[in-house]
Structures are given as structure tokens and as C-alpha cells.
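Each remark here refers to the structure printed beneath this line.
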Amino acid sequence: MRIDEFRSVSIISHIRFSFQVVLSLIFLTWLLLNKDKLQINIPGIIFGGFIVWLLFFMVLLKSLVGIFTLYGTLLVALLIFTVAAQNIKKRITLILLLSSIIIIPILLIGKVVVEFYDFEKIDPLKVENVTPSGNYYHHDFDQKLRENGHLVYMYICEKELREEWNKRSDIKYDDNLNDFTLGSTLIRYMTSLGYRKDSAGVSKLTHDDIRLIQEGVTNYKFKNHRFSLYPRIYDTVWDLDYYFRTGDPNGKTLSQRIEYARASLVLIGENLWFGIGTGNWKIKYDEVYDQTESRLSIEKRGSSHNQYLNYMVKFGVAGFGWIVFAVLFPVFRLGHRRNFIFVLFLISYAFANLGDANMETHMGLSFFSFFYSLFLWNSTAEMKRKQ
């Protein structure tokens with residue numbers, strides 16, 4: 001199995017699957033912290049091994065919503081432990097750990113962004129217009145999209161690209177690949193290498209390069225970061241850069257979610273207190289997309305991928321407030337304030353709902369309802385006790 005196929009290991013959405021992984025991590029952490037009290041005769045290293053594997057699996061899964069959920073839950077958990085710590089040394093250790101978990105991702109994302117915007121400078125008056133084979137290059141100076149600092153739409157000769165590529169690959173230049181033509185992936189990949197997009201450039205591609213392009217990889221750096229989040233972060237930065245430069249969100253997950261959120265905020269502003277109801281939301285969203293002249297294609301239009309915005313759109317402030325009360329009141333009423341597993345489960349789902357409308361999917365709602373009911377009515381005394 002290729003690394004990029006890990007999302008297919010589950011029969012359900014990889015996003016919903018990632019939430020199950022997060023809950024498993026919460027369970028394992030609780031068992032590790034309480035194995036002596038529970039008289040569990042399993043070495044802690046076993047629990048630690050499972051935790052490390054699941055963390056690594058989250059990286060392989062590359063679900064931004066799942067990683068965001070895990071990260072947010074971890075931050076809140078560490079913050080709770082830090083505030084509750086009585087021992088000064090323990091509190092200092094937790095503060096240092098909390099700080100590192102905040103700083104390291106910022107540095108990693110910052111590194112990707114700095115590298116992405118490290119542009120080469122092109123003088124339009126000095127570019128070459130003819131390929132070594134005597135054909136003309138196409139240069140689009142208005143398009144500023146880049147790969148590793150190189151302009152994507154410079155030095156392109158599609159005639160040579162198509163002919164040379166089709167000689168080397170069973171997947172042809174004009175074939176569809178992940179909703180885009182293979183040619184667009186080829187152009188981005190060659191740009192990332194700094195190659196000109198002509199027959200000479202294609203001839204420089206190795207067999208490994210050909211395979212990666214056929215798999216939909218758009219940047220040669222990704223082959224050295226298969227077990228890291230670098231490709232996912234880079235793709236996200238590229239997608240956002242493309243969206244803010246062109247205004248076109250189609251085919252880009254995060255960009256489409258921004259469009260959905262914008263439409264939702266318009267509807268919330270127009271129907272703040274009681275929302276628009278559940279019967280005509282599709283019509284209302286279409287009206288907003290038309291009014292705002294969104295470039296989102298009709299088949300990709302939809303509601304927000306943020307559960308809270310969706311509740312606000314359909315039920316308004318009044319309905320949203322009631323939903324929050326209905327979820328949280330039983331937790332406090334039945335004494336679960338110190339239930340480590342239950343509280344972190346709720347926190348994790350609170351973060352998850354920022355990135356997707358989980359309560360409007362069968363698996364998302366079933367997962368939440370099952371474990372919410374299980375923890376609410378069947379938590380043991382050990383689970384409800386202060387950890």
C-alpha cells in the first residue's frame with residue numbers, strides 16, 4: 001500500500017475515522033495514567049507503544065481536521081493539567097511541554113511559508129521564447145502561481161510535453177487524475193524541479209519522478225517527506241495562495257470551506273435569532289452564492305463545514321444556545337466535571353465541529369451519540385474521580 005492510500009483503510013470517511021483514533025488516544029492515555037489504580041498488569045511501554053503508533057498513523061492519514069482536533073485536545077488537556085498541578089516542578093515541566101507544542105508547529109508552518117514565498121525573479125524582457133527543439137514557449141506573466149519559488153506558467157510547450165510524456169507513461173497527458181488533467185500535475189512537478197516544460201525537461205525525469213506524477217504528486221520534495229506533514233502543509237499553503245490570487249475555490253478543500261463559511265455568515269446576519277429553518281437551506285445558500293458572485297461551481301455548492309455555523313444558519317442564536325445547553329447540562333448535572341475521558345471526548349468533538357459538520361453525517365452523529373450516552377450513563381467511579 002502506498003503512503004497516500006492510508007485514507008482508504010477505513011470503510012468510513014477518513015475524517016470521521018480520525019476522530020475514532022483521537023478517542024482511542026484519550027482512552028490509552030487514561031489507562032496509562034491510571035494503570036496502577038486499576039491494577040492493570042500491562043507494562044506502561046505497551047500503552048506507550050500504541051500511543052506512538054496512533055500518533056504516527058494520524059500523520060499518515062493526513063486529515064487536517066483530525067490533526068487539528070488532536071492538537072486542540074492536547075493543548076486543552078495540558079492546560080488543565082498545568083493549572084491543576086500542585087507540584088512546582090511538575091507545573092514547570094508541563095508549562096515547558098505546552099510551550100513547545102505551541103512553538104514547534106508555528107516554526108514548522110513558518111518554514112513552509114517562507115520557503116513557498118522565496119520567489120525567483122523573472123525579467124519579461126530576457127526570457128527565451130524558443131525551445132531547443134525549435135518550438136515556441138508559452139509564458140503567462142499574469143499568473144503568479146509557483147512551486148518552490150518557480151513560476152508555474154513560464155516556459156511551457158504543451159506540444160512537446162504531450163508528445164514526450166505519452167511516450168513514457170500509460171497514463172496520458174490529457175487523462176483525468178484526481179479531478180485534474182495529468183498535464184497540470186506534470187507542469188507543477190517539473191516546475192518544482194526548476195525544469196522547463198518541454199521535451200528536454202521531460203527527458204530529465206527519472207522513473208521515480210514518472211511514478212510520483214502518475215500518483216498525483218505535484219512537488220518533488222514530497223517524496224522525501226512521505227512520513228511527515230510537510231506535503232499536507234505545503235498543499236494547504238499552495239491552495240490558499242491560489243484561492244486568494246484567483247478567487248477560484250473549486251477542487252481545493254480549505255478554499256471551498258472558506259466560501260461555505262462566507263455564505264453562512266451572510267445567512268446568519270440576515271436571520272440572526274431564529275435562523276432559516278431546515279427545509280429551504282439549499283435554496284438560501286444558492287441565493288447567497290449567486291448574490292455574492294461566488295466562483296464556486298454549482299455541483300460543489302453546499303452548507304458550511306463548520307457545525308456551529310450550520311446550527312446558527314438553521315436555528316439562529318436561540319436554537320444554537322438550546323443545543324449547547326442540552327449537551328452540557330447533563331454533564332454537569334450528573335457530576336462528570338472531572339471525568340477525564342468524557343471531558344476530553346467533548347473537547348475533541350468541539351474542535352472537530354469547527355472543521356466539519358459532523359452532526360449532520362450518519363457516522364459523525366452515531367459516533368457522538370453512542371459515546372456521549374455511554375460516558376453519561378455508564379462511567380465508572382474511577383472515571384468520574386479527579387485524576
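Ordering of the C-alpha cells sets the chain letters (A, B, ...), residue numbers begin anew at 1 in every chain, and ligands are numbered from 1 in the order given.
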
ask   = Could you pull the residues within 6 Å of region 192-203 of chain A, counting only C-alpha atoms, minus those fewer than 4 positions along the same chain, as a list in words?
value = Glu147, Asn148, Tyr155, Ile156, Cys157, Glu160, Leu161, Glu164 and Asn219 of chain A

ask   = Where in region 130-194 of chain A does DSSP assign helix (DSSP H, G or I), given as a count of residues only?
value = 23

task = Choose the residue, out of A:Met363, A:Tyr289, A:Lys300, A:Asn358, that has the smallest atom-to-atom separation from Ile11 (chain A); count only C-alpha atoms.
result =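 With only C-alpha atoms as the atom set, the closest residue is A:Met363.
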
message = I'd like to know which of A:Gly72, A:Gly335, A:Gly66, A:Pro231 is closest to Ser18 (chain A), using only C-alpha atoms.
response =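 Of A:Gly72, A:Gly335, A:Gly66, A:Pro231, the one nearest Ser18 (chain A) is A:Gly66, counting only C-alpha atoms.
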
Near-Phe244 (chain A) list (12 Å; only C-alpha atoms; drop same-chain fewer than 2 positions) as a count of residues only = 18

message = Residues within 10 Å of region 169-183 of chain A, please, as a ChimeraX atom specification. Count only C-alpha atoms; anything in the same chain fewer than 5 positions from it doesn't count.
response = /A:158,161-164,188-189,207,210-211,213-216,251

request  = Have a look at CA of Met58 (chain A) and CA of Thr236 (chain A) and let me know their distance in Å, one decimal.
outcome  =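 Those two atoms sit 16.9 Å apart.
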
request  = Name all residues at most 12 Å from Asn280 (chain A) (count only C-alpha atoms; drop same-chain ones fewer than 6 positions away) and give them as a ChimeraX atom specification.
outcome  = /A:286-287,303,313-314

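One finds CA of Leu344 (chain A) at 8.9 Å from CA of Leu74 (chain A).
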
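Picture a line from CA of Tyr117 (chain A) to CA of Gly149 (chain A); it runs 6.3 Å.
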
inquiry  = If we count only C-alpha atoms and set the cut-off at 12 Å, which residues sit around region 33-49 of chain A, ignoring sequence neighbours fewer than 6 positions away in its own chain? Please answer as a PyMOL selection string.
reply    = chain A and resi 24-27+55-56+340-341+380-383+385-387

request  = Name the residues in contact with region 261-276 of chain A at a cut-off of 10 Å, using only C-alpha atoms, excluding same-chain residues fewer than 6 positions from it; report them as a ChimeraX atom specification.
outcome  = /A:255,284-289,291-292,294,302-306,309-320

Can you write just those residues out, C-alpha atoms, as an mmCIF file, in the first residue's frame?
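Everything below was put into part26.cif:
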data_model
loop_
_atom_site.group_PDB
_atom_site.id
_atom_site.type_symbol
_atom_site.label_atom_id
_atom_site.label_comp_id
_atom_site.auth_asym_id
_atom_site.auth_seq_id
_atom_site.Cartn_x
_atom_site.Cartn_y
_atom_site.Cartn_z
ATOM 1 C CA SER A 255 -10.762 27.177 -0.099
ATOM 2 C CA LYS A 284 -30.962 30.065 0.565
ATOM 3 C CA TYR A 285 -27.323 29.073 0.097
ATOM 4 C CA ASP A 286 -27.731 29.124 -3.696
ATOM 5 C CA GLU A 287 -29.210 32.613 -3.470
ATOM 6 C CA VAL A 288 -26.217 33.829 -1.454
ATOM 7 C CA TYR A 289 -23.707 32.241 -3.855
ATOM 8 C CA GLN A 291 -25.671 37.321 -4.938
ATOM 9 C CA THR A 292 -22.002 37.286 -3.961
ATOM 10 C CA SER A 294 -19.061 33.183 -5.954
ATOM 11 C CA GLY A 302 -23.225 23.389 -0.095
ATOM 12 C CA SER A 303 -23.575 24.405 3.526
ATOM 13 C CA SER A 304 -20.743 25.217 5.895
ATOM 14 C CA HIS A 305 -18.315 22.524 7.016
ATOM 15 C CA ASN A 306 -18.484 24.101 10.452
ATOM 16 C CA LEU A 309 -22.198 27.882 11.679
ATOM 17 C CA ASN A 310 -24.690 25.331 10.351
ATOM 18 C CA TYR A 311 -26.635 25.371 13.611
ATOM 19 C CA MET A 312 -26.635 29.169 13.615
ATOM 20 C CA VAL A 313 -27.838 29.274 9.998
ATOM 21 C CA LYS A 314 -30.702 26.841 10.585
ATOM 22 C CA PHE A 315 -31.704 27.579 14.194
ATOM 23 C CA GLY A 316 -30.273 31.010 14.959
ATOM 24 C CA VAL A 317 -28.832 32.126 18.284
ATOM 25 C CA ALA A 318 -31.838 30.787 20.189
ATOM 26 C CA GLY A 319 -31.626 27.299 18.725
ATOM 27 C CA PHE A 320 -27.854 27.122 18.961
#

request  = Can you work out which one of A:Tyr308, A:Phe371, A:Phe81, A:Tyr260 has the shortest atom-to-atom distance to Val324 (chain A), counting only C-alpha atoms?
outcome  =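 Of the candidates, the smallest distance to Val324 (chain A) is held by A:Tyr308.
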
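The shortest atom-to-atom distance to Tyr372 (chain A), with only C-alpha atoms taken into account, belongs to A:His336 out of A:His336, A:Arg295, A:Lys62, A:His150.
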
inquiry  = Using only C-alpha atoms, can you tell me which of A:Leu229, A:Ile323, A:Leu151, A:Ile102 comes closest to Ile187 (chain A)?
reply    =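 Selected residue with least distance to Ile187 (chain A): A:Leu151.
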